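S.K.: My structure is below; once you've seen it, I'll send some questions.
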Amino acid sequence: MKLLKLQLKTLKIFLVSNQQTTYYKSPIGTTEIVGDENGIQSISILDDASTASILSEVERLNIPKEVPMCLQDCVIQLEEYFAGTRTCFDLKLNPQGTEFQQKVWKELLNIPFNKVRTYLEQTKAIGDVKAIRAVASANGKNPIWIVIPCHRVIGSDGSLTGYAGGLWRKKWLLAHENPVKQQSLF
C-alpha cells in the first residue's frame, strides 16, 4: 500500500491511498474528518494553530477542497446536528482502538441525545465497576468526536470532567443538546 507523507511543521500526517480527509468548520472549531469506504475512522477538533497550519498547507499544495464521497454523509449529518435538526447519527463507523476501547465506545453510542451518564454508570453499563479509570481513559481516546458521544459522560457529582476538546466545548455541546426553552408567562 502506497503511503504519502506530508510534513507540516512538527505535525506529521500519513495518508493511506484509500483514506480520505476533509475539514468542516463547526460553530465550535474546525473539525478534521478521516475515513474511507470502510467507515469514519476519526472526527477530531483542531486547535487554532493546527487549523491555520493545515489549511495553509492545503492551499500551498493545491489539494482539492471538495468533500470526498465517503465523507459527504458525515459532513451533512454534522451540519444537521449543529443546525439542531439531527439527534442521532447514521454513519458507518470504523474507529481504531483496543478491544476494551471498542467496547467502551460502543457503549457510549447507547447514551441518548439530550441525556448524560456518569463515569460510574458507564462502567456499570460495560459490566465492570472497578474499571472507572480505564473507562475514563478510553473515553478520552475516543477518535470520533460528537458521533460517539463521550461529551455526554459527566462526573458522579454532576460536574463536567475531562474532555479532549476542552471543557468549554463539552459545556457547549451539552447546552446545544438541551437548550433552555423559555416558558410562557401566560
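Every chain in the C-alpha cells has a letter given in the order shown (A, B, ...), and although residue numbers restart at 1 in each chain, ligands are simply numbered from 1 in the order shown.
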May I have all residues of segment 4-184 of chain A that DSSP, computed from the backbone, assigns to strand (DSSP E or B), given as an NGL selection string?

M.R.: :A and (4-8 or 11-16 or 20-26 or 29-36 or 39-45 or 93 or 117-118 or 144 or 153-154)

S.K.: Output N, CA and C atoms for every residue in that selection, as an mmCIF file, in the first residue's frame.

M.R.:
```cif
data_model
loop_
_atom_site.group_PDB
_atom_site.id
_atom_site.type_symbol
_atom_site.label_atom_id
_atom_site.label_comp_id
_atom_site.auth_asym_id
_atom_site.auth_seq_id
_atom_site.Cartn_x
_atom_site.Cartn_y
_atom_site.Cartn_z
ATOM 1 N N LEU A 4 1.766 8.321 1.388
ATOM 2 C CA LEU A 4 2.205 9.664 1.080
ATOM 3 C C LEU A 4 2.374 10.384 2.400
ATOM 4 N N LYS A 5 3.563 10.903 2.651
ATOM 5 C CA LYS A 5 3.826 11.553 3.930
ATOM 6 C C LYS A 5 3.961 13.057 3.715
ATOM 7 N N LEU A 6 3.175 13.824 4.454
ATOM 8 C CA LEU A 6 3.246 15.281 4.414
ATOM 9 C C LEU A 6 3.820 15.767 5.739
ATOM 10 N N GLN A 7 4.799 16.648 5.677
ATOM 11 C CA GLN A 7 5.376 17.227 6.876
ATOM 12 C C GLN A 7 4.784 18.617 7.066
ATOM 13 N N LEU A 8 4.082 18.841 8.165
ATOM 14 C CA LEU A 8 3.506 20.137 8.489
ATOM 15 C C LEU A 8 4.115 20.602 9.805
ATOM 16 N N LEU A 11 3.872 18.577 12.889
ATOM 17 C CA LEU A 11 2.747 17.670 12.719
ATOM 18 C C LEU A 11 2.978 16.804 11.495
ATOM 19 N N LYS A 12 2.911 15.494 11.659
ATOM 20 C CA LYS A 12 3.058 14.575 10.539
ATOM 21 C C LYS A 12 1.713 13.940 10.253
ATOM 22 N N ILE A 13 1.340 13.933 9.007
ATOM 23 C CA ILE A 13 0.101 13.285 8.593
ATOM 24 C C ILE A 13 0.471 12.223 7.574
ATOM 25 N N PHE A 14 -0.009 11.021 7.788
ATOM 26 C CA PHE A 14 0.216 9.934 6.854
ATOM 27 C C PHE A 14 -1.107 9.644 6.164
ATOM 28 N N LEU A 15 -1.110 9.743 4.854
ATOM 29 C CA LEU A 15 -2.314 9.479 4.094
ATOM 30 C C LEU A 15 -2.164 8.139 3.387
ATOM 31 N N VAL A 16 -3.026 7.207 3.693
ATOM 32 C CA VAL A 16 -3.036 5.926 3.012
ATOM 33 C C VAL A 16 -3.838 6.143 1.737
ATOM 34 N N GLN A 20 -9.397 9.074 3.122
ATOM 35 C CA GLN A 20 -9.722 10.432 2.703
ATOM 36 C C GLN A 20 -9.837 11.336 3.926
ATOM 37 N N THR A 21 -9.553 12.615 3.720
ATOM 38 C CA THR A 21 -9.638 13.601 4.796
ATOM 39 C C THR A 21 -10.366 14.832 4.287
ATOM 40 N N THR A 22 -11.192 15.397 5.146
ATOM 41 C CA THR A 22 -11.814 16.685 4.843
ATOM 42 C C THR A 22 -11.887 17.492 6.123
ATOM 43 N N TYR A 23 -12.144 18.780 5.978
ATOM 44 C CA TYR A 23 -12.238 19.683 7.120
ATOM 45 C C TYR A 23 -13.598 20.354 7.087
ATOM 46 N N TYR A 24 -14.196 20.455 8.265
ATOM 47 C CA TYR A 24 -15.530 21.041 8.396
ATOM 48 C C TYR A 24 -15.476 22.119 9.461
ATOM 49 N N LYS A 25 -15.953 23.306 9.127
ATOM 50 C CA LYS A 25 -15.966 24.422 10.078
ATOM 51 C C LYS A 25 -17.251 24.352 10.886
ATOM 52 N N SER A 26 -17.146 23.951 12.150
ATOM 53 C CA SER A 26 -18.301 23.849 13.032
ATOM 54 C C SER A 26 -18.398 25.135 13.864
ATOM 55 N N GLY A 29 -15.317 25.192 16.239
ATOM 56 C CA GLY A 29 -13.964 24.958 15.751
ATOM 57 C C GLY A 29 -13.920 24.124 14.487
ATOM 58 N N THR A 30 -12.741 24.077 13.897
ATOM 59 C CA THR A 30 -12.541 23.293 12.678
ATOM 60 C C THR A 30 -12.377 21.827 13.040
ATOM 61 N N THR A 31 -13.086 21.002 12.302
ATOM 62 C CA THR A 31 -13.104 19.569 12.537
ATOM 63 C C THR A 31 -12.412 18.855 11.386
ATOM 64 N N GLU A 32 -11.567 17.903 11.720
ATOM 65 C CA GLU A 32 -10.936 17.053 10.712
ATOM 66 C C GLU A 32 -11.682 15.724 10.699
ATOM 67 N N ILE A 33 -12.109 15.293 9.516
ATOM 68 C CA ILE A 33 -12.840 14.038 9.356
ATOM 69 C C ILE A 33 -12.002 13.132 8.465
ATOM 70 N N VAL A 34 -11.751 11.913 8.939
ATOM 71 C CA VAL A 34 -10.940 10.951 8.202
ATOM 72 C C VAL A 34 -11.716 9.642 8.073
ATOM 73 N N GLY A 35 -11.712 9.080 6.890
ATOM 74 C CA GLY A 35 -12.385 7.807 6.687
ATOM 75 C C GLY A 35 -12.172 7.287 5.282
ATOM 76 N N ASP A 36 -12.818 6.182 5.016
ATOM 77 C CA ASP A 36 -12.764 5.575 3.694
ATOM 78 C C ASP A 36 -14.027 4.748 3.497
ATOM 79 N N GLY A 39 -15.663 3.156 6.509
ATOM 80 C CA GLY A 39 -16.299 3.953 7.547
ATOM 81 C C GLY A 39 -15.456 5.114 8.045
ATOM 82 N N ILE A 40 -16.055 5.879 8.929
ATOM 83 C CA ILE A 40 -15.380 7.031 9.529
ATOM 84 C C ILE A 40 -14.410 6.511 10.581
ATOM 85 N N GLN A 41 -13.144 6.912 10.460
ATOM 86 C CA GLN A 41 -12.128 6.481 11.416
ATOM 87 C C GLN A 41 -11.882 7.523 12.500
ATOM 88 N N SER A 42 -12.028 8.783 12.140
ATOM 89 C CA SER A 42 -11.854 9.806 13.168
ATOM 90 C C SER A 42 -12.563 11.098 12.783
ATOM 91 N N ILE A 43 -13.063 11.744 13.820
ATOM 92 C CA ILE A 43 -13.577 13.100 13.729
ATOM 93 C C ILE A 43 -12.949 13.802 14.920
ATOM 94 N N SER A 44 -12.119 14.795 14.646
ATOM 95 C CA SER A 44 -11.435 15.462 15.752
ATOM 96 C C SER A 44 -11.491 16.966 15.570
ATOM 97 N N ILE A 45 -11.457 17.654 16.682
ATOM 98 C CA ILE A 45 -11.463 19.110 16.680
ATOM 99 C C ILE A 45 -10.007 19.566 16.675
ATOM 100 N N LEU A 93 -19.169 3.529 11.038
ATOM 101 C CA LEU A 93 -18.020 3.927 11.850
ATOM 102 C C LEU A 93 -16.949 2.847 11.829
ATOM 103 N N ARG A 117 -24.674 10.558 31.328
ATOM 104 C CA ARG A 117 -24.406 9.382 32.153
ATOM 105 C C ARG A 117 -23.124 9.673 32.920
ATOM 106 N N THR A 118 -23.029 9.184 34.146
ATOM 107 C CA THR A 118 -21.790 9.366 34.905
ATOM 108 C C THR A 118 -20.775 8.294 34.489
ATOM 109 N N ILE A 144 -13.823 9.533 17.529
ATOM 110 C CA ILE A 144 -14.931 10.022 16.695
ATOM 111 C C ILE A 144 -15.788 10.991 17.515
ATOM 112 N N VAL A 153 -20.753 12.107 29.044
ATOM 113 C CA VAL A 153 -20.340 11.452 30.293
ATOM 114 C C VAL A 153 -19.810 12.521 31.242
ATOM 115 N N ILE A 154 -20.353 12.509 32.474
ATOM 116 C CA ILE A 154 -20.023 13.534 33.464
ATOM 117 C C ILE A 154 -19.560 12.885 34.766
#
```

S.K.: Do you know which residues are at most 12 Å from Thr85 of chain A counting only C-alpha atoms, after dropping those on the same chain fewer than 4 positions away, and could you put them as a count of residues only?

M.R.: 10

S.K.: So what do you get for atom CA of Trp105 of chain A versus atom CA of Val67 of chain A, distance-wise?

M.R.: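 Here the two named atoms are 26.0 Å from each other.
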
S.K.: Quote the spacing between atom CA of Glu107 of chain A and atom CA of Ser159 of chain A in Å to one decimal place.

M.R.: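 Computing the Euclidean distance for atom CA of Glu107 of chain A and atom CA of Ser159 of chain A yields 20.7 Å.
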
S.K.: What residues in segment 71-161 of chain A get the DSSP label alpha helix (DSSP H)? Please answer as number ranges by chain.

M.R.: A: 71-83, 99-108, 119-126, 132-140

S.K.: Using the selection just defined, write its residues with C-alpha atoms as a PDB file, in the first residue's frame.

M.R.:
```pdb
ATOM      1  CA  LEU A  71     -17.181  11.573   3.914  1.00  0.00           C
ATOM      2  CA  GLN A  72     -20.132  13.515   2.488  1.00  0.00           C
ATOM      3  CA  ASP A  73     -22.788  11.890   4.705  1.00  0.00           C
ATOM      4  CA  CYS A  74     -20.686  12.688   7.756  1.00  0.00           C
ATOM      5  CA  VAL A  75     -20.388  16.380   6.845  1.00  0.00           C
ATOM      6  CA  ILE A  76     -24.127  16.593   6.087  1.00  0.00           C
ATOM      7  CA  GLN A  77     -25.057  14.913   9.376  1.00  0.00           C
ATOM      8  CA  LEU A  78     -22.696  17.158  11.376  1.00  0.00           C
ATOM      9  CA  GLU A  79     -24.269  20.216   9.695  1.00  0.00           C
ATOM     10  CA  GLU A  80     -27.715  18.902  10.654  1.00  0.00           C
ATOM     11  CA  TYR A  81     -26.572  18.242  14.229  1.00  0.00           C
ATOM     12  CA  PHE A  82     -25.247  21.781  14.630  1.00  0.00           C
ATOM     13  CA  ALA A  83     -28.396  23.197  12.995  1.00  0.00           C
ATOM     14  CA  GLU A  99     -10.844  -4.350  22.244  1.00  0.00           C
ATOM     15  CA  PHE A 100     -11.590  -2.633  25.559  1.00  0.00           C
ATOM     16  CA  GLN A 101     -11.710   0.820  23.951  1.00  0.00           C
ATOM     17  CA  GLN A 102     -14.047  -0.501  21.251  1.00  0.00           C
ATOM     18  CA  LYS A 103     -16.342  -1.876  23.981  1.00  0.00           C
ATOM     19  CA  VAL A 104     -16.411   1.477  25.793  1.00  0.00           C
ATOM     20  CA  TRP A 105     -17.019   3.439  22.583  1.00  0.00           C
ATOM     21  CA  LYS A 106     -19.802   1.090  21.545  1.00  0.00           C
ATOM     22  CA  GLU A 107     -21.495   1.648  24.911  1.00  0.00           C
ATOM     23  CA  LEU A 108     -21.179   5.426  24.507  1.00  0.00           C
ATOM     24  CA  TYR A 119     -18.488   7.537  34.574  1.00  0.00           C
ATOM     25  CA  LEU A 120     -19.732   5.104  37.238  1.00  0.00           C
ATOM     26  CA  GLU A 121     -22.907   4.429  35.228  1.00  0.00           C
ATOM     27  CA  GLN A 122     -20.725   3.921  32.162  1.00  0.00           C
ATOM     28  CA  THR A 123     -18.595   1.319  33.979  1.00  0.00           C
ATOM     29  CA  LYS A 124     -21.744  -0.487  35.144  1.00  0.00           C
ATOM     30  CA  ALA A 125     -23.058  -0.474  31.581  1.00  0.00           C
ATOM     31  CA  ILE A 126     -19.940  -2.276  30.354  1.00  0.00           C
ATOM     32  CA  ILE A 132     -13.672   3.544  36.129  1.00  0.00           C
ATOM     33  CA  ARG A 133     -10.186   4.902  35.315  1.00  0.00           C
ATOM     34  CA  ALA A 134      -9.849   2.654  32.281  1.00  0.00           C
ATOM     35  CA  VAL A 135     -13.274   3.761  31.050  1.00  0.00           C
ATOM     36  CA  ALA A 136     -12.339   7.419  31.546  1.00  0.00           C
ATOM     37  CA  SER A 137      -9.100   6.814  29.651  1.00  0.00           C
ATOM     38  CA  ALA A 138     -10.939   5.080  26.783  1.00  0.00           C
ATOM     39  CA  ASN A 139     -13.439   7.969  26.661  1.00  0.00           C
ATOM     40  CA  GLY A 140     -10.500  10.363  26.375  1.00  0.00           C
TER      41      GLY A 140
END
```

S.K.: Could you please determine the separation between atom CA of Lys170 of chain A and atom CA of Arg86 of chain A in Å, to one decimal place?

M.R.: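 Rounded to one decimal, the two atoms are 17.8 Å apart.
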
S.K.: Can you list, as number ranges by chain, every protein, DNA or RNA residue that comes within 9 Å of Pro112 of chain A when you count only C-alpha atoms, leaving out same-chain residues fewer than 2 positions away?

M.R.: A: 87-88, 108-110, 114-116, 149, 152
